[in-house]
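Engineer: Take a look at this one; I'll ask things after.
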Amino acid sequence: MNYLINNFSDILSLTFTHILVTLLSTLPAIIFGVILGIIFSRKKFISLGRFFLNIFGILQSIPSIAFIAIIFMYTGIGIKTVIISLFVYSIVPVIYNTTSSLLLVPDEVIEASEGMGLNRSQILFKIELPISIRGILSGIRTSFTINIATATVATVIGVDTLGKIILIGLRVRRLDMLWVGGIIVAILAIFVDLIFEKIENLSLKWA
Amino acid sequence: MIEFINLSKKFKEKYAVKNLNLTFNDGEISVLIGPSGCGKTTTLKMINRLIEPTEGNIKINGKSIFDFDEISLRRSMGYVIQEIGLFPHYTIYKNISIVPELLKWEKEKIDKRVNELMDLINLPRTYLNRYPKELSGGEKQRIGVARALASDPEILLMDEPFGAIDPINRKSLQDFFVELQKTLKKTVIFVTHDILEAIKIGDRIGVMKDGEMIQFDKPQEILKRPKNKFVEELLGVNRNILRLTLSKVLDFVKKDFRIINKDEVEEIKNFNNFLYIIKNENNYDGFILKKDFEKGRECIREIVFINENENLLDTIILLLSKGEKIAVIKCIERGIMGYVELNDLIKVFEKEEYELSN
């Protein structure tokens, strides 16, 4: 507790960087992920989608610390490396959930929409996306949570996030520092989770 | 008017629909029937270009479907499918109003139309704020029909619309649709694989096999003169019985009855009708035959009510299953219109069979 009070401003700035790194990587992941997810759910691109998801899946199974190290060899030290790695980590659940929820929209709903004369973009925006919103949101939620946790690793290549507290705590064997670092990350993750739960409930009057 | 001109559809090298030349009349229900894979659904979907014809043309009131852009072509026709396909995330109101909204109708006009449609399909307006999952299968398909009728299109395409509904609700949906058509007079193309349904609702029936139209004719004609063995088999061994569905019970109504109040029963001996219906305030207690009256009150029998549009077959089945010989025709607007006797109905059946065997 003393540690928290004495280093409050440092912790605050680490938390800020942590959030920044998370947002800078997750927001593009959401945008590109949803777009790619939509493309991969179109009949023509389903096999292409499967191929990409496999590749991303393999990339994702590399431990985050190794992955960041590999990217680091190409792009060097700094925030760029962190954001690229986190982007790759968090885009997979977004694409995956978007594609699979869109494919779950019942065929008859699409057929009825076509038969009634909705054009493609109307079918996508008025029918398919609203029906799949729950699945898409849950992908986004997962991607956020993953990145909040993974952003701690950024510290190893010199971007000071909340991982720094944990890393130093480990080096100097300070249990209180480990607790503070861990708990703040956990609180961030829970906070994001709660927000998404609220959004999901709002969007689901009809289910 | 919808015309098919040398209409064909090939999938890969195989013909799904082969050289159809037909005209569907305005204001009629034309039913396409045949075994699965006969091309009936493909034919239907070519009309609104959900499937593009390979050869030939379709003309609507003289204008080729290729002269429309496909989106506005589809918006100009109602479309109802077996799986209904209501939008789960929209309320019933939004489901029904989707095409008028696409056509940019004004809010008040849409409001008025939606309410009108709810009355037409006989569902309470309170349903408008509900979501599809709160409705039963039969109710959902009524909404499906209302949605297709929303912009008051001239043409209605229906692909086995009642096929997934349980038998009891299916019958009531068919009755409802036949009634509805009397006032709407739409040009309906209706796909089914249920011959009973085809005979019941069709003004014309097209029997299809392997992509070809075997026979396109009025139901009476098809029943009387099936063109070949295939049509005969499709009609089944019950062909003679099926013809009973074409006759309305109202043609056999008898009016030799009198409605009396409960306390008038004792006075029957002064009257001279065949049958007496006993009224008890707003309900009917039963009926009694003049000839049975002397035997006393236990001769009062429960009334089997039927509506005025009922066909002979359904009436006979109902009477046999209830073990009664007389059915009373009751019309919602006009009250009791008369009664029919099972014996008369059966005699007609014998006569029909006689006609057929000659």
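Ligands are numbered from 1 in the order shown, chains are lettered A, B, ... in the order of the structure tokens, and residues start at 1 in each chain.
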What's around Leu4 of chain A at 12 Å? Count only C-alpha atoms, leave out sequence neighbours fewer than 3 positions away in its own chain, and write the answer as a list of chain:residue names.
Structural biologist: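 So the residues in contact are A:Met1, A:Asn7, A:Phe8, A:Ser9, A:Asp10, A:Ile11, A:Leu12, A:Ile165, A:Asp176, A:Met177, A:Leu178, A:Trp179, A:Val180, A:Gly181, A:Ile183, A:Ile184.
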Engineer: Chain A residues within 6 Å of chain B, counting only C-alpha atoms: which ones, as a list in words?
Structural biologist: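 Applying the cut-off to the listed atoms yields Glu108, Val109, Ala112, Gly115, Met116, Gly117 and Trp206 of chain A.
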Engineer: As a ChimeraX atom specification, list the residues of segment 166-314 of chain B assigned to strand (DSSP E) by DSSP on the backbone atoms of this structure.
Structural biologist: /B:187-192,204-209,212-217,257-261,275-280,283-289,304-306
Engineer: Please extract the residues of segment 54-219 of chain B with a backbone DSSP assignment of helix (DSSP H, G or I) and present them as a PyMOL selection string.
Structural biologist: chain B and resi 65-67+70-75+92-102+107-120+125-129+132-134+137-149+167-184+195-201+219
Engineer: Could you check how far atom CA of Leu103 of chain A sits from atom CA of Leu124 of chain A, in Å to one decimal?
Structural biologist: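 These two atoms are separated by 11.8 Å.
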Engineer: Give the answer as one residue: which of A:Asn147, A:Asn201, A:Thr155, A:Asn97 has the shortest atom-to-atom distance to Phe40 of chain A, using only C-alpha atoms?
Structural biologist: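 Closest residue, counting only C-alpha atoms: A:Asn97.
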Engineer: Could you tell me which of A:Ile168, A:Pro63, A:Gly158, A:Ser100 comes closest to Gly49 of chain A if we count only C-alpha atoms?
Structural biologist: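 Of A:Ile168, A:Pro63, A:Gly158, A:Ser100, the one nearest Gly49 of chain A, counting only C-alpha atoms, is A:Ser100.
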Engineer: Leaving out Ile222 of chain B and any residue of its chain fewer than 2 positions from it, which residues lie within 12 Å of it when counting only C-alpha atoms, given as a PyMOL selection string?
Structural biologist: chain B and resi 195+198-199+202-207+214-220+224-235+239-240+242-243+246
Engineer: So the first atom is atom CA of His18 of chain A and the second is atom CA of Val92 of chain A; what is the distance between them in Å, to one decimal place?
Structural biologist: 20.9 Å
Engineer: Excluding same-chain residues fewer than 6 positions from Leu173 of chain B, what lies within 9 Å of it counting only C-alpha atoms, as a list of chain:residue names?
Structural biologist: B:Gly138, B:Gln141, B:Arg142, B:Phe162, B:Ile165
Engineer: Show which residues sit within 9 Å of Tyr89 of chain A, as a list in words. Count only C-alpha atoms, and ignore same-chain residues fewer than 2 positions away.
Structural biologist: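 The filter keeps Ala29, Phe56, Gly57, Leu59, Gln60, Ser64, Ile84, Ser85, Leu86, Phe87, Ile91, Val92, Pro93, Ser143, Ile146, Asn147 and Thr150 of chain A.
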Engineer: Take the residues from that selection and put them in a file with N, CA and C atoms, as an mmCIF file, in the first residue's frame.
Structural biologist:
```cif
data_model
loop_
_atom_site.group_PDB
_atom_site.id
_atom_site.type_symbol
_atom_site.label_atom_id
_atom_site.label_comp_id
_atom_site.auth_asym_id
_atom_site.auth_seq_id
_atom_site.Cartn_x
_atom_site.Cartn_y
_atom_site.Cartn_z
ATOM 1 N N ALA A 29 -7.072 -3.226 -34.712
ATOM 2 C CA ALA A 29 -7.401 -4.647 -34.826
ATOM 3 C C ALA A 29 -8.906 -4.827 -34.977
ATOM 4 N N PHE A 56 -3.079 -16.683 -38.977
ATOM 5 C CA PHE A 56 -3.142 -15.874 -37.759
ATOM 6 C C PHE A 56 -3.143 -16.761 -36.516
ATOM 7 N N GLY A 57 -3.825 -17.887 -36.641
ATOM 8 C CA GLY A 57 -3.902 -18.815 -35.517
ATOM 9 C C GLY A 57 -2.506 -19.322 -35.139
ATOM 10 N N LEU A 59 0.387 -17.822 -35.822
ATOM 11 C CA LEU A 59 1.119 -16.692 -35.254
ATOM 12 C C LEU A 59 0.747 -16.505 -33.782
ATOM 13 N N GLN A 60 -0.549 -16.694 -33.519
ATOM 14 C CA GLN A 60 -1.016 -16.445 -32.164
ATOM 15 C C GLN A 60 -0.527 -17.493 -31.174
ATOM 16 N N SER A 64 3.723 -14.841 -26.460
ATOM 17 C CA SER A 64 3.769 -13.412 -26.753
ATOM 18 C C SER A 64 5.188 -12.848 -26.590
ATOM 19 N N ILE A 84 2.518 -3.536 -33.267
ATOM 20 C CA ILE A 84 2.376 -4.569 -34.304
ATOM 21 C C ILE A 84 2.070 -5.924 -33.676
ATOM 22 N N SER A 85 2.826 -6.286 -32.659
ATOM 23 C CA SER A 85 2.597 -7.603 -32.040
ATOM 24 C C SER A 85 1.202 -7.700 -31.436
ATOM 25 N N LEU A 86 0.830 -6.676 -30.681
ATOM 26 C CA LEU A 86 -0.491 -6.735 -30.045
ATOM 27 C C LEU A 86 -1.605 -6.751 -31.087
ATOM 28 N N PHE A 87 -1.382 -6.033 -32.185
ATOM 29 C CA PHE A 87 -2.360 -6.005 -33.270
ATOM 30 C C PHE A 87 -2.604 -7.422 -33.792
ATOM 31 N N ILE A 91 -6.261 -9.351 -33.419
ATOM 32 C CA ILE A 91 -7.136 -9.329 -34.591
ATOM 33 C C ILE A 91 -7.812 -10.689 -34.808
ATOM 34 N N VAL A 92 -7.142 -11.763 -34.369
ATOM 35 C CA VAL A 92 -7.696 -13.087 -34.629
ATOM 36 C C VAL A 92 -9.097 -13.290 -34.034
ATOM 37 N N PRO A 93 -9.280 -13.043 -32.735
ATOM 38 C CA PRO A 93 -10.650 -13.251 -32.227
ATOM 39 C C PRO A 93 -11.691 -12.354 -32.888
ATOM 40 N N SER A 143 -10.571 -9.584 -27.589
ATOM 41 C CA SER A 143 -9.344 -8.982 -28.103
ATOM 42 C C SER A 143 -8.836 -7.897 -27.152
ATOM 43 N N ILE A 146 -7.327 -9.664 -24.008
ATOM 44 C CA ILE A 146 -6.019 -10.244 -24.328
ATOM 45 C C ILE A 146 -4.946 -9.150 -24.316
ATOM 46 N N ASN A 147 -5.240 -8.038 -24.984
ATOM 47 C CA ASN A 147 -4.225 -6.999 -25.122
ATOM 48 C C ASN A 147 -3.911 -6.288 -23.814
ATOM 49 N N THR A 150 -1.511 -8.715 -22.337
ATOM 50 C CA THR A 150 -0.268 -8.871 -23.090
ATOM 51 C C THR A 150 0.575 -7.590 -23.106
#
```
Engineer: With a distance cut-off of 10 Å and only C-alpha atoms, select the neighbouring residues of Ile195 of chain A, excluding the residue or stretch itself and same-chain residues fewer than 5 positions from it, and output the selection as a list in words.
Structural biologist: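 Here the qualifying residues turn out to be Arg141, Ile190 and Glu200 of chain A.
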Engineer: Write out as a PyMOL selection string the residues lying within 6 Å of segment 180-193 of chain B, counting only C-alpha atoms and excluding same-chain residues fewer than 4 positions away.
Structural biologist: chain B and resi 26-34+154-160
